[in-house]
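Structure data follow from target_1.cif (mmCIF, C-alpha atoms):
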data_my_file
#
loop_
_atom_site.group_PDB
_atom_site.id
_atom_site.type_symbol
_atom_site.label_atom_id
_atom_site.label_comp_id
_atom_site.auth_asym_id
_atom_site.auth_seq_id
_atom_site.Cartn_x
_atom_site.Cartn_y
_atom_site.Cartn_z
ATOM 1 C CA MET Y 1 133.271 122.216 103.279
ATOM 2 C CA SER Y 2 132.222 123.223 106.791
ATOM 3 C CA SER Y 3 130.894 120.832 109.431
ATOM 4 C CA ARG Y 4 127.413 122.178 108.679
ATOM 5 C CA ASP Y 5 127.615 121.493 104.955
ATOM 6 C CA ALA Y 6 126.311 118.345 103.327
ATOM 7 C CA ARG Y 7 126.800 116.771 99.924
ATOM 8 C CA GLN Y 8 124.094 115.632 97.545
ATOM 9 C CA ILE Y 9 123.776 114.272 94.023
ATOM 10 C CA LYS Y 10 121.504 116.193 91.671
ATOM 11 C CA LEU Y 11 120.215 115.167 88.258
ATOM 12 C CA THR Y 12 121.592 117.419 85.496
ATOM 13 C CA LYS Y 13 120.066 115.763 82.448
ATOM 14 C CA ARG Y 14 117.766 112.903 81.586
ATOM 15 C CA PRO Y 15 119.816 109.909 80.431
ATOM 16 C CA LYS Y 16 118.887 108.151 77.224
ATOM 17 C CA GLY Y 17 119.641 104.459 77.303
ATOM 18 C CA PRO Y 18 122.307 103.272 79.778
ATOM 19 C CA ILE Y 19 123.009 105.584 82.715
ATOM 20 C CA SER Y 20 126.217 107.618 82.599
ATOM 21 C CA ALA Y 21 127.971 109.749 85.199
ATOM 22 C CA ASP Y 22 127.533 112.950 83.186
ATOM 23 C CA SER Y 23 123.819 112.937 84.025
ATOM 24 C CA PHE Y 24 124.638 113.788 87.656
ATOM 25 C CA GLU Y 25 126.533 116.400 89.662
ATOM 26 C CA LEU Y 26 127.948 116.259 93.183
ATOM 27 C CA ILE Y 27 127.305 119.494 95.037
ATOM 28 C CA SER Y 28 127.605 120.817 98.578
ATOM 29 C CA ARG Y 29 124.993 122.880 100.383
ATOM 30 C CA PRO Y 30 124.332 124.092 103.927
ATOM 31 C CA ALA Y 31 122.676 121.493 106.131
ATOM 32 C CA PRO Y 32 118.919 122.130 106.466
ATOM 33 C CA GLU Y 33 117.268 123.276 109.687
ATOM 34 C CA ALA Y 34 114.059 121.816 111.065
ATOM 35 C CA SER Y 35 110.835 123.780 111.438
ATOM 36 C CA THR Y 36 107.941 122.752 113.674
ATOM 37 C CA GLY Y 37 106.994 119.125 113.024
ATOM 38 C CA GLN Y 38 110.163 118.340 111.079
ATOM 39 C CA VAL Y 39 113.339 116.341 111.699
ATOM 40 C CA VAL Y 40 116.836 116.499 110.230
ATOM 41 C CA ILE Y 41 118.358 113.076 109.511
ATOM 42 C CA ARG Y 42 122.060 112.297 109.173
ATOM 43 C CA ASN Y 43 121.763 109.589 106.542
ATOM 44 C CA HIS Y 44 123.962 106.553 107.083
ATOM 45 C CA TYR Y 45 122.480 104.395 104.304
ATOM 46 C CA LEU Y 46 120.726 105.154 101.008
ATOM 47 C CA SER Y 47 118.799 102.521 99.069
ATOM 48 C CA LEU Y 48 119.354 102.238 95.307
ATOM 49 C CA ASP Y 49 116.476 100.510 93.535
ATOM 50 C CA PRO Y 50 115.475 99.795 89.915
ATOM 51 C CA TYR Y 51 112.268 101.826 90.229
ATOM 52 C CA MET Y 52 114.409 104.983 90.458
ATOM 53 C CA ARG Y 53 115.234 104.675 86.752
ATOM 54 C CA SER Y 54 111.813 106.082 85.836
ATOM 55 C CA ALA Y 55 112.475 109.149 88.027
ATOM 56 C CA LEU Y 56 115.404 110.069 85.786
ATOM 57 C CA ASN Y 57 112.991 110.444 82.872
ATOM 58 C CA ASN Y 58 110.879 113.024 84.714
ATOM 59 C CA ALA Y 59 111.755 116.579 83.701
ATOM 60 C CA ASP Y 60 110.493 117.822 87.088
ATOM 61 C CA ASN Y 61 113.501 116.138 88.721
ATOM 62 C CA LEU Y 62 116.126 118.044 86.734
ATOM 63 C CA GLY Y 63 118.398 120.122 88.955
ATOM 64 C CA LYS Y 64 117.274 118.271 92.065
ATOM 65 C CA PRO Y 65 118.521 115.308 94.109
ATOM 66 C CA ILE Y 66 116.546 112.150 93.407
ATOM 67 C CA GLU Y 67 114.264 110.785 96.089
ATOM 68 C CA GLY Y 68 115.453 107.636 97.844
ATOM 69 C CA ARG Y 69 114.770 105.667 100.990
ATOM 70 C CA VAL Y 70 117.258 106.300 103.768
ATOM 71 C CA VAL Y 71 118.151 105.060 107.238
ATOM 72 C CA GLY Y 72 120.016 107.330 109.599
ATOM 73 C CA GLN Y 73 120.062 109.139 112.917
ATOM 74 C CA ILE Y 74 118.178 112.210 114.013
ATOM 75 C CA MET Y 75 120.470 115.263 114.059
ATOM 76 C CA ALA Y 76 117.781 117.722 115.133
ATOM 77 C CA SER Y 77 114.106 117.325 115.929
ATOM 78 C CA ARG Y 78 111.159 119.639 116.227
ATOM 79 C CA HIS Y 79 108.737 116.729 116.396
ATOM 80 C CA PRO Y 80 107.701 115.268 119.770
ATOM 81 C CA GLY Y 81 108.121 111.679 118.583
ATOM 82 C CA PHE Y 82 111.855 111.888 117.880
ATOM 83 C CA ARG Y 83 114.998 112.759 119.810
ATOM 84 C CA GLU Y 84 118.542 113.400 118.709
ATOM 85 C CA GLY Y 85 120.330 110.116 118.060
ATOM 86 C CA ASP Y 86 117.208 108.070 117.265
ATOM 87 C CA TRP Y 87 117.605 105.650 114.354
ATOM 88 C CA VAL Y 88 114.906 106.181 111.722
ATOM 89 C CA PHE Y 89 113.750 105.248 108.253
ATOM 90 C CA ALA Y 90 112.363 107.879 105.873
ATOM 91 C CA MET Y 91 111.977 108.830 102.249
ATOM 92 C CA GLY Y 92 114.918 111.162 101.805
ATOM 93 C CA ARG Y 93 117.090 111.947 98.799
ATOM 94 C CA TRP Y 94 120.495 111.180 97.334
ATOM 95 C CA GLU Y 95 122.160 113.283 100.006
ATOM 96 C CA GLU Y 96 124.045 113.043 103.275
ATOM 97 C CA ILE Y 97 121.523 115.013 105.344
ATOM 98 C CA SER Y 98 117.761 115.071 104.773
ATOM 99 C CA LEU Y 99 114.979 117.285 106.092
ATOM 100 C CA VAL Y 100 111.655 115.433 106.382
ATOM 101 C CA GLU Y 101 108.333 115.786 108.107
ATOM 102 C CA GLY Y 102 108.419 113.896 111.392
ATOM 103 C CA ALA Y 103 105.120 112.205 110.546
ATOM 104 C CA ALA Y 104 106.814 110.592 107.541
ATOM 105 C CA ALA Y 105 109.721 109.097 109.534
ATOM 106 C CA ARG Y 106 109.643 105.763 111.352
ATOM 107 C CA HIS Y 107 111.795 104.398 114.179
ATOM 108 C CA VAL Y 108 113.901 101.309 113.467
ATOM 109 C CA ASP Y 109 115.387 98.900 115.998
ATOM 110 C CA ILE Y 110 119.036 98.211 115.198
ATOM 111 C CA ASN Y 111 119.134 95.602 117.967
ATOM 112 C CA ILE Y 112 117.074 93.324 115.706
ATOM 113 C CA ALA Y 113 119.237 93.756 112.617
ATOM 114 C CA PRO Y 114 121.881 96.151 111.255
ATOM 115 C CA ALA Y 115 120.576 99.550 110.170
ATOM 116 C CA SER Y 116 121.077 98.780 106.469
ATOM 117 C CA ALA Y 117 118.665 95.836 106.746
ATOM 118 C CA TYR Y 118 115.794 98.295 107.074
ATOM 119 C CA LEU Y 119 116.382 99.255 103.441
ATOM 120 C CA GLY Y 120 116.380 95.634 102.342
ATOM 121 C CA VAL Y 121 115.225 92.497 104.082
ATOM 122 C CA LEU Y 122 113.341 94.434 106.808
ATOM 123 C CA GLY Y 123 112.332 97.315 104.551
ATOM 124 C CA PHE Y 124 110.230 97.970 101.493
ATOM 125 C CA THR Y 125 112.329 95.490 99.529
ATOM 126 C CA GLY Y 126 111.152 92.675 101.759
ATOM 127 C CA LEU Y 127 107.647 94.109 101.911
ATOM 128 C CA THR Y 128 107.526 94.019 98.109
ATOM 129 C CA ALA Y 129 108.222 90.291 98.059
ATOM 130 C CA TRP Y 130 105.864 89.564 100.964
ATOM 131 C CA SER Y 131 102.922 91.643 99.760
ATOM 132 C CA GLY Y 132 103.217 90.466 96.164
ATOM 133 C CA LEU Y 133 102.938 86.814 97.138
ATOM 134 C CA ARG Y 134 100.453 87.387 99.923
ATOM 135 C CA HIS Y 135 97.968 89.585 98.085
ATOM 136 C CA TYR Y 136 98.379 88.645 94.440
ATOM 137 C CA GLY Y 137 100.185 85.320 94.187
ATOM 138 C CA GLY Y 138 97.861 83.246 96.317
ATOM 139 C CA LEU Y 139 100.767 81.293 97.809
ATOM 140 C CA ARG Y 140 99.758 77.660 98.373
ATOM 141 C CA GLU Y 141 101.725 74.828 99.932
ATOM 142 C CA GLY Y 142 102.853 72.205 97.430
ATOM 143 C CA GLU Y 143 102.679 74.468 94.369
ATOM 144 C CA THR Y 144 105.602 75.699 92.257
ATOM 145 C CA LEU Y 145 106.936 79.248 92.363
ATOM 146 C CA PHE Y 146 109.330 80.636 89.755
ATOM 147 C CA VAL Y 147 111.291 83.810 90.491
ATOM 148 C CA SER Y 148 113.180 85.737 87.808
ATOM 149 C CA ALA Y 149 116.184 87.802 88.935
ATOM 150 C CA ALA Y 150 116.062 85.433 91.876
ATOM 151 C CA SER Y 151 119.359 86.525 93.433
ATOM 152 C CA GLY Y 152 118.265 90.152 93.521
ATOM 153 C CA ALA Y 153 117.112 91.967 96.621
ATOM 154 C CA VAL Y 154 113.394 91.319 96.078
ATOM 155 C CA GLY Y 155 113.627 88.024 94.225
ATOM 156 C CA SER Y 156 115.787 86.298 96.832
ATOM 157 C CA ILE Y 157 113.305 87.168 99.570
ATOM 158 C CA ALA Y 158 110.306 86.139 97.452
ATOM 159 C CA GLY Y 159 111.867 82.736 96.863
ATOM 160 C CA GLN Y 160 112.586 82.196 100.531
ATOM 161 C CA ILE Y 161 109.055 83.209 101.510
ATOM 162 C CA GLY Y 162 107.837 80.628 99.020
ATOM 163 C CA LYS Y 163 109.977 77.959 100.694
ATOM 164 C CA ILE Y 164 108.732 79.014 104.141
ATOM 165 C CA GLY Y 165 105.205 78.598 102.760
ATOM 166 C CA GLY Y 166 105.903 75.034 101.631
ATOM 167 C CA MET Y 167 106.291 75.678 97.904
ATOM 168 C CA ARG Y 168 108.692 74.188 95.401
ATOM 169 C CA VAL Y 169 110.826 77.158 94.314
ATOM 170 C CA ALA Y 170 112.936 77.662 91.192
ATOM 171 C CA GLY Y 171 114.526 80.721 89.659
ATOM 172 C CA CYS Y 172 117.154 82.182 87.378
ATOM 173 C CA ALA Y 173 120.098 84.527 87.898
ATOM 174 C CA GLY Y 174 122.873 86.038 85.803
ATOM 175 C CA THR Y 175 126.024 84.288 87.087
ATOM 176 C CA ASP Y 176 126.973 80.804 88.218
ATOM 177 C CA ALA Y 177 127.940 82.192 91.642
ATOM 178 C CA LYS Y 178 124.470 83.630 92.095
ATOM 179 C CA VAL Y 179 122.875 80.366 91.005
ATOM 180 C CA ALA Y 180 124.984 78.488 93.562
ATOM 181 C CA TRP Y 181 123.909 80.915 96.289
ATOM 182 C CA LEU Y 182 120.259 80.283 95.464
ATOM 183 C CA THR Y 183 120.490 76.521 95.647
ATOM 184 C CA GLU Y 184 123.203 76.025 98.273
ATOM 185 C CA GLU Y 185 122.382 78.835 100.702
ATOM 186 C CA LEU Y 186 118.777 79.893 100.191
ATOM 187 C CA GLY Y 187 117.286 76.453 99.593
ATOM 188 C CA PHE Y 188 115.912 76.926 96.068
ATOM 189 C CA ASP Y 189 114.985 73.565 94.569
ATOM 190 C CA ALA Y 190 116.387 74.512 91.167
ATOM 191 C CA ALA Y 191 118.041 77.460 89.453
ATOM 192 C CA PHE Y 192 119.922 78.248 86.239
ATOM 193 C CA ASN Y 193 122.047 80.960 84.647
ATOM 194 C CA HIS Y 194 119.840 82.703 82.093
ATOM 195 C CA ARG Y 195 122.863 84.388 80.457
ATOM 196 C CA THR Y 196 124.481 81.082 79.498
ATOM 197 C CA ALA Y 197 121.342 79.009 78.849
ATOM 198 C CA SER Y 198 121.124 77.919 75.214
ATOM 199 C CA ASP Y 199 117.324 77.735 75.432
ATOM 200 C CA ILE Y 200 115.700 79.616 78.315
ATOM 201 C CA THR Y 201 112.300 78.010 77.742
ATOM 202 C CA GLU Y 202 113.833 74.540 78.040
ATOM 203 C CA SER Y 203 115.838 75.612 81.087
ATOM 204 C CA VAL Y 204 112.651 76.776 82.803
ATOM 205 C CA ALA Y 205 110.967 73.489 81.902
ATOM 206 C CA ARG Y 206 113.822 71.471 83.429
ATOM 207 C CA ALA Y 207 113.715 73.591 86.588
ATOM 208 C CA CYS Y 208 109.918 73.256 86.823
ATOM 209 C CA PRO Y 209 109.058 69.859 85.281
ATOM 210 C CA GLU Y 210 105.425 70.036 86.414
ATOM 211 C CA GLY Y 211 104.954 73.628 85.327
ATOM 212 C CA ILE Y 212 104.658 76.906 87.225
ATOM 213 C CA ASP Y 213 101.798 77.974 89.478
ATOM 214 C CA ILE Y 214 103.154 81.418 90.418
ATOM 215 C CA ASP Y 215 105.568 83.509 88.369
ATOM 216 C CA TYR Y 216 107.077 86.299 90.481
ATOM 217 C CA GLU Y 217 108.193 88.439 87.553
ATOM 218 C CA ASN Y 218 111.108 90.866 87.893
ATOM 219 C CA VAL Y 219 112.700 90.813 84.437
ATOM 220 C CA GLY Y 220 110.297 90.816 81.484
ATOM 221 C CA GLY Y 221 111.418 90.266 77.893
ATOM 222 C CA GLU Y 222 112.828 86.913 76.852
ATOM 223 C CA VAL Y 223 112.851 85.510 80.381
ATOM 224 C CA PHE Y 224 109.186 86.316 80.903
ATOM 225 C CA ASP Y 225 108.265 84.748 77.556
ATOM 226 C CA ALA Y 226 110.035 81.531 78.563
ATOM 227 C CA VAL Y 227 108.303 81.408 81.939
ATOM 228 C CA PHE Y 228 104.905 82.175 80.405
ATOM 229 C CA ARG Y 229 105.200 79.139 78.146
ATOM 230 C CA ASN Y 230 105.618 76.939 81.243
ATOM 231 C CA MET Y 231 102.649 78.188 83.272
ATOM 232 C CA ARG Y 232 100.207 75.623 84.647
ATOM 233 C CA LEU Y 233 96.421 75.571 84.697
ATOM 234 C CA GLY Y 234 95.237 78.299 87.061
ATOM 235 C CA GLY Y 235 98.650 79.966 87.139
ATOM 236 C CA ARG Y 236 99.157 83.449 88.555
ATOM 237 C CA ILE Y 237 101.674 85.961 87.166
ATOM 238 C CA VAL Y 238 102.679 88.617 89.693
ATOM 239 C CA VAL Y 239 104.476 91.488 87.947
ATOM 240 C CA CYS Y 240 106.890 93.226 90.305
ATOM 241 C CA GLY Y 241 109.420 94.620 87.825
ATOM 242 C CA ALA Y 242 110.839 94.519 84.303
ATOM 243 C CA ILE Y 243 114.523 95.344 84.700
ATOM 244 C CA SER Y 244 115.391 94.145 81.185
ATOM 245 C CA GLN Y 245 113.309 97.004 79.760
ATOM 246 C CA TYR Y 246 114.175 99.999 81.952
ATOM 247 C CA GLU Y 247 117.081 101.246 79.833
ATOM 248 C CA ARG Y 248 115.595 100.599 76.413
ATOM 249 C CA GLU Y 249 112.337 100.844 74.556
ATOM 250 C CA PRO Y 250 110.195 97.761 75.220
ATOM 251 C CA SER Y 251 110.140 95.368 72.286
ATOM 252 C CA PRO Y 252 106.733 94.106 71.163
ATOM 253 C CA CYS Y 253 105.765 91.110 73.253
ATOM 254 C CA VAL Y 254 102.451 89.379 72.701
ATOM 255 C CA PRO Y 255 102.117 86.228 74.791
ATOM 256 C CA ASN Y 256 99.891 83.525 73.430
ATOM 257 C CA ILE Y 257 96.559 85.023 74.454
ATOM 258 C CA ALA Y 258 94.903 81.636 73.980
ATOM 259 C CA ASP Y 259 96.969 80.357 76.908
ATOM 260 C CA PHE Y 260 95.223 82.828 79.208
ATOM 261 C CA ILE Y 261 91.957 81.160 78.232
ATOM 262 C CA GLY Y 262 93.014 77.534 78.071
ATOM 263 C CA LYS Y 263 95.136 77.682 81.248
ATOM 264 C CA ARG Y 264 92.831 80.129 83.112
ATOM 265 C CA LEU Y 265 95.799 82.392 83.847
ATOM 266 C CA THR Y 266 95.775 85.698 85.687
ATOM 267 C CA MET Y 267 98.371 88.477 85.462
ATOM 268 C CA ARG Y 268 98.577 91.359 87.929
ATOM 269 C CA GLY Y 269 100.970 94.248 88.350
ATOM 270 C CA PHE Y 270 101.329 95.914 91.728
ATOM 271 C CA SER Y 271 103.214 98.600 93.636
ATOM 272 C CA VAL Y 272 104.550 98.219 97.146
ATOM 273 C CA ARG Y 273 103.348 101.774 97.812
ATOM 274 C CA ASP Y 274 99.840 100.335 98.054
ATOM 275 C CA HIS Y 275 100.970 98.246 101.039
ATOM 276 C CA ALA Y 276 103.116 100.744 102.944
ATOM 277 C CA ALA Y 277 100.770 100.561 105.930
ATOM 278 C CA GLU Y 278 101.667 96.875 106.356
ATOM 279 C CA ILE Y 279 105.383 97.446 106.933
ATOM 280 C CA ASN Y 280 105.264 96.799 110.689
ATOM 281 C CA ASP Y 281 103.268 93.586 110.190
ATOM 282 C CA TYR Y 282 105.890 92.445 107.714
ATOM 283 C CA ILE Y 283 108.806 93.365 109.977
ATOM 284 C CA ASP Y 284 107.273 91.461 112.895
ATOM 285 C CA GLU Y 285 107.051 88.306 110.785
ATOM 286 C CA ALA Y 286 110.344 88.684 108.931
ATOM 287 C CA ALA Y 287 112.315 89.427 112.112
ATOM 288 C CA GLY Y 288 111.227 86.045 113.432
ATOM 289 C CA TRP Y 289 112.349 84.351 110.236
ATOM 290 C CA LEU Y 290 115.725 86.060 110.476
ATOM 291 C CA ARG Y 291 116.120 84.997 114.073
ATOM 292 C CA ASP Y 292 115.247 81.385 113.221
ATOM 293 C CA GLY Y 293 117.587 81.275 110.224
ATOM 294 C CA LYS Y 294 114.731 80.832 107.734
ATOM 295 C CA LEU Y 295 115.431 84.104 105.943
ATOM 296 C CA LYS Y 296 118.885 85.123 104.672
ATOM 297 C CA TYR Y 297 120.103 88.119 102.707
ATOM 298 C CA ARG Y 298 123.099 89.661 100.995
ATOM 299 C CA GLU Y 299 124.056 93.270 100.471
ATOM 300 C CA THR Y 300 126.335 95.132 98.109
ATOM 301 C CA ILE Y 301 127.454 98.181 100.107
ATOM 302 C CA VAL Y 302 129.238 101.017 98.313
ATOM 303 C CA ALA Y 303 130.893 103.733 100.408
ATOM 304 C CA GLY Y 304 130.338 107.422 99.671
ATOM 305 C CA ILE Y 305 127.471 109.442 98.226
ATOM 306 C CA GLU Y 306 129.796 110.493 95.396
ATOM 307 C CA ASN Y 307 129.738 106.886 94.135
ATOM 308 C CA ALA Y 308 125.945 106.630 93.922
ATOM 309 C CA PRO Y 309 125.647 107.295 90.149
ATOM 310 C CA ALA Y 310 128.212 104.646 89.162
ATOM 311 C CA ALA Y 311 126.726 102.148 91.618
ATOM 312 C CA PHE Y 312 123.240 102.830 90.285
ATOM 313 C CA ALA Y 313 124.401 102.199 86.712
ATOM 314 C CA ARG Y 314 125.806 98.815 87.746
ATOM 315 C CA LEU Y 315 122.407 97.861 89.130
ATOM 316 C CA PHE Y 316 121.178 97.388 85.562
ATOM 317 C CA SER Y 317 124.172 95.376 84.396
ATOM 318 C CA GLY Y 318 123.728 92.807 87.168
ATOM 319 C CA ASP Y 319 127.103 93.458 88.791
ATOM 320 C CA ASN Y 320 125.702 93.836 92.303
ATOM 321 C CA PHE Y 321 124.773 90.899 94.515
ATOM 322 C CA GLY Y 322 121.639 91.213 96.623
ATOM 323 C CA LYS Y 323 120.510 94.593 97.972
ATOM 324 C CA LEU Y 324 122.449 97.648 96.716
ATOM 325 C CA VAL Y 325 123.078 100.280 99.387
ATOM 326 C CA ILE Y 326 125.183 103.435 99.597
ATOM 327 C CA HIS Y 327 126.945 103.844 102.963
ATOM 328 C CA MET Y 328 127.684 107.373 104.119
ATOM 329 C CA PRO Y 329 130.052 106.939 107.095
#
So, in terms of structure tokens, how does the structure I just supplied come out?
Amino acid sequence: MSSRDARQIKLTKRPKGPISADSFELISRPAPEASTGQVVIRNHYLSLDPYMRSALNNADNLGKPIEGRVVGQIMASRHPGFREGDWVFAMGRWEEISLVEGAAARHVDINIAPASAYLGVLGFTGLTAWSGLRHYGGLREGETLFVSAASGAVGSIAGQIGKIGGMRVAGCAGTDAKVAWLTEELGFDAAFNHRTASDITESVARACPEGIDIDYENVGGEVFDAVFRNMRLGGRIVVCGAISQYEREPSPCVPNIADFIGKRLTMRGFSVRDHAAEINDYIDEAAGWLRDGKLKYRETIVAGIENAPAAFARLFSGDNFGKLVIHMP
């Protein structure tokens, strides 16, 4: 491979059920060149996120590298807003070098936080937590927030934003170590291991003895059913994700519709894409929280683009801790 070649991962077939390595292929291609208005980015970090699972089901993506958010440095620019060496965020692909329109790239300040943070706590991951609670949760001091997959990249930030806002915060995670991190490091008021709980509904009730005002939902399935049964009058369910269902057909789930009436519940799904324009507002606020020690984060960093498929598969088994990022040194 020459110094002007770059590696990328392309999708070779649509996986059915759990992701396997034979759905992907590592290839090498010549590095792209920028035309007027474009920039070439040497990607240092690639974000791996649960939402990407749906992209694997799209036949239009076969034979192509999957889209993914990246942070890297400008290699070449034909856009007046960027110079060689600038650190930027963009929607790139599973590849070492990306060609993007300059208008779609955004400068990042690595003096505030490490570059990888702009894919997690200072990126769309953090914006997802912030916008979901801000626009759809109706965060109120003194109420109770429950977060499923609370040790995950989005869930851990949502819980901490709840604490910053004066809420009582509880959640669940898949290992005892993750539960300990939630309560001992992030300040959650209660948490439990949903994999070892004999009765998840009872575990939620013990964690939230007065009921739940906001459910920040990341899991779906059995966990969601247990949380739903513990919602309070006027409760709000904010649906961010459903990771328990991404690799299998959803099982029928019909919550007690009467509870929506009797408890005056609301349930709203949302996409962070609808709030992309707010990213700088979020970063301004979150950077202050980081500086003051009010917001903490963890990352699982895997080296090498060639390891992206295996790392992505582990995302759905819960093996990673915090934000999952591929590092391309």
Hey, what's within 9 Å of Y:Leu56 if we count only C-alpha atoms and toss same-chain stuff fewer than 5 positions away? As a ChimeraX atom specification, please? /Y:11,13-15,61-62,66
What is the atom CA of Y:Phe124-atom CA of Y:Ser20 distance in Å, reported with one decimal?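 Result for atom CA of Y:Phe124 versus atom CA of Y:Ser20: 26.6 Å, one decimal.
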Nearest-residue call for Y:Ala153, choices Y:Ile97, Y:Leu119, Y:Met267, Y:Ala103, using only C-alpha atoms: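 Of all the options, Y:Leu119 lies closest to Y:Ala153.
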Please report as a tab-separated table every residue of stretch 82-131 of chain Y lying within 8 Å of stretch 286-298 of chain Y, along with the nearest atom pair and their distance in Å (one decimal), using all atoms listed in the file.
residue	atom	partner	partner_atom	distance
Y:Ile112	CA	Y:Ala287	CA	7.1
Y:Val121	CA	Y:Tyr297	CA	6.7
Y:Leu122	CA	Y:Ala286	CA	6.8
Tell me which residues come within 10 Å of (107.4, 91.0, 85.2), as a PyMOL selection string, counting all atoms listed in the file in the file's coordinates. chain Y and resi 147-148+215-221+223-225+237-244+267-269
For the residues in that selection, give me C-alpha atoms as a tab-separated table (two decimals), in the frame of the given file.
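This is the output file again-v1.tsv:
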chain	number	residue	atom	x	y	z
Y	147	VAL	CA	111.29	83.81	90.49
Y	148	SER	CA	113.18	85.74	87.81
Y	215	ASP	CA	105.57	83.51	88.37
Y	216	TYR	CA	107.08	86.30	90.48
Y	217	GLU	CA	108.19	88.44	87.55
Y	218	ASN	CA	111.11	90.87	87.89
Y	219	VAL	CA	112.70	90.81	84.44
Y	220	GLY	CA	110.30	90.82	81.48
Y	221	GLY	CA	111.42	90.27	77.89
Y	223	VAL	CA	112.85	85.51	80.38
Y	224	PHE	CA	109.19	86.32	80.90
Y	225	ASP	CA	108.26	84.75	77.56
Y	237	ILE	CA	101.67	85.96	87.17
Y	238	VAL	CA	102.68	88.62	89.69
Y	239	VAL	CA	104.48	91.49	87.95
Y	240	CYS	CA	106.89	93.23	90.30
Y	241	GLY	CA	109.42	94.62	87.82
Y	242	ALA	CA	110.84	94.52	84.30
Y	243	ILE	CA	114.52	95.34	84.70
Y	244	SER	CA	115.39	94.14	81.18
Y	267	MET	CA	98.37	88.48	85.46
Y	268	ARG	CA	98.58	91.36	87.93
Y	269	GLY	CA	100.97	94.25	88.35
Selection result of the PyMOL selection byres ((chain Y and resi 102) around 12) on this file, as JSON, numbers by chain: {"Y": [34, 35, 36, 37, 38, 39, 40, 41, 74, 76, 77, 78, 79, 80, 81, 82, 83, 88, 89, 90, 91, 92, 98, 99, 100, 101, 103, 104, 105, 106, 107]}
May I have the selected residues written with C-alpha atoms, as a short mmCIF file (atom, residue, chain, number, x, y, z; two decimals), keeping the file's coordinate frame?
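Now in again.cif:
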data_model
loop_
_atom_site.label_atom_id
_atom_site.label_comp_id
_atom_site.auth_asym_id
_atom_site.auth_seq_id
_atom_site.Cartn_x
_atom_site.Cartn_y
_atom_site.Cartn_z
CA ALA Y 34 114.06 121.82 111.06
CA SER Y 35 110.84 123.78 111.44
CA THR Y 36 107.94 122.75 113.67
CA GLY Y 37 106.99 119.12 113.02
CA GLN Y 38 110.16 118.34 111.08
CA VAL Y 39 113.34 116.34 111.70
CA VAL Y 40 116.84 116.50 110.23
CA ILE Y 41 118.36 113.08 109.51
CA ILE Y 74 118.18 112.21 114.01
CA ALA Y 76 117.78 117.72 115.13
CA SER Y 77 114.11 117.32 115.93
CA ARG Y 78 111.16 119.64 116.23
CA HIS Y 79 108.74 116.73 116.40
CA PRO Y 80 107.70 115.27 119.77
CA GLY Y 81 108.12 111.68 118.58
CA PHE Y 82 111.86 111.89 117.88
CA ARG Y 83 115.00 112.76 119.81
CA VAL Y 88 114.91 106.18 111.72
CA PHE Y 89 113.75 105.25 108.25
CA ALA Y 90 112.36 107.88 105.87
CA MET Y 91 111.98 108.83 102.25
CA GLY Y 92 114.92 111.16 101.80
CA SER Y 98 117.76 115.07 104.77
CA LEU Y 99 114.98 117.28 106.09
CA VAL Y 100 111.66 115.43 106.38
CA GLU Y 101 108.33 115.79 108.11
CA ALA Y 103 105.12 112.20 110.55
CA ALA Y 104 106.81 110.59 107.54
CA ALA Y 105 109.72 109.10 109.53
CA ARG Y 106 109.64 105.76 111.35
CA HIS Y 107 111.80 104.40 114.18
#
Exercise: Y:Ile157 partners within 10 Å, only C-alpha atoms, chain neighbours under 3 positions left out, as a PyMOL selection string: chain Y and resi 120-121+125-130+147+150-154+160-163+186+286+295-297+322
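In this structure, atom CA of Y:Val70 sits 13.5 Å away from atom CA of Y:Lys323.
Between atom CA of Y:Ile212 and atom CA of Y:Gly138 the interatomic distance comes to 13.0 Å.
You can rank Y:Ala191, Y:Leu139, Y:Ala6, Y:Val108 by their closest distance to Y:Asp284 using only C-alpha atoms, and at the top of that list sits Y:Val108.
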Distance criterion (all atoms listed in the file): nearest to Y:Pro309 out of Y:Trp94, Y:Ala113, Y:Lys16, Y:Asp5: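 Distance minimum relative to Y:Pro309 lands on Y:Trp94.
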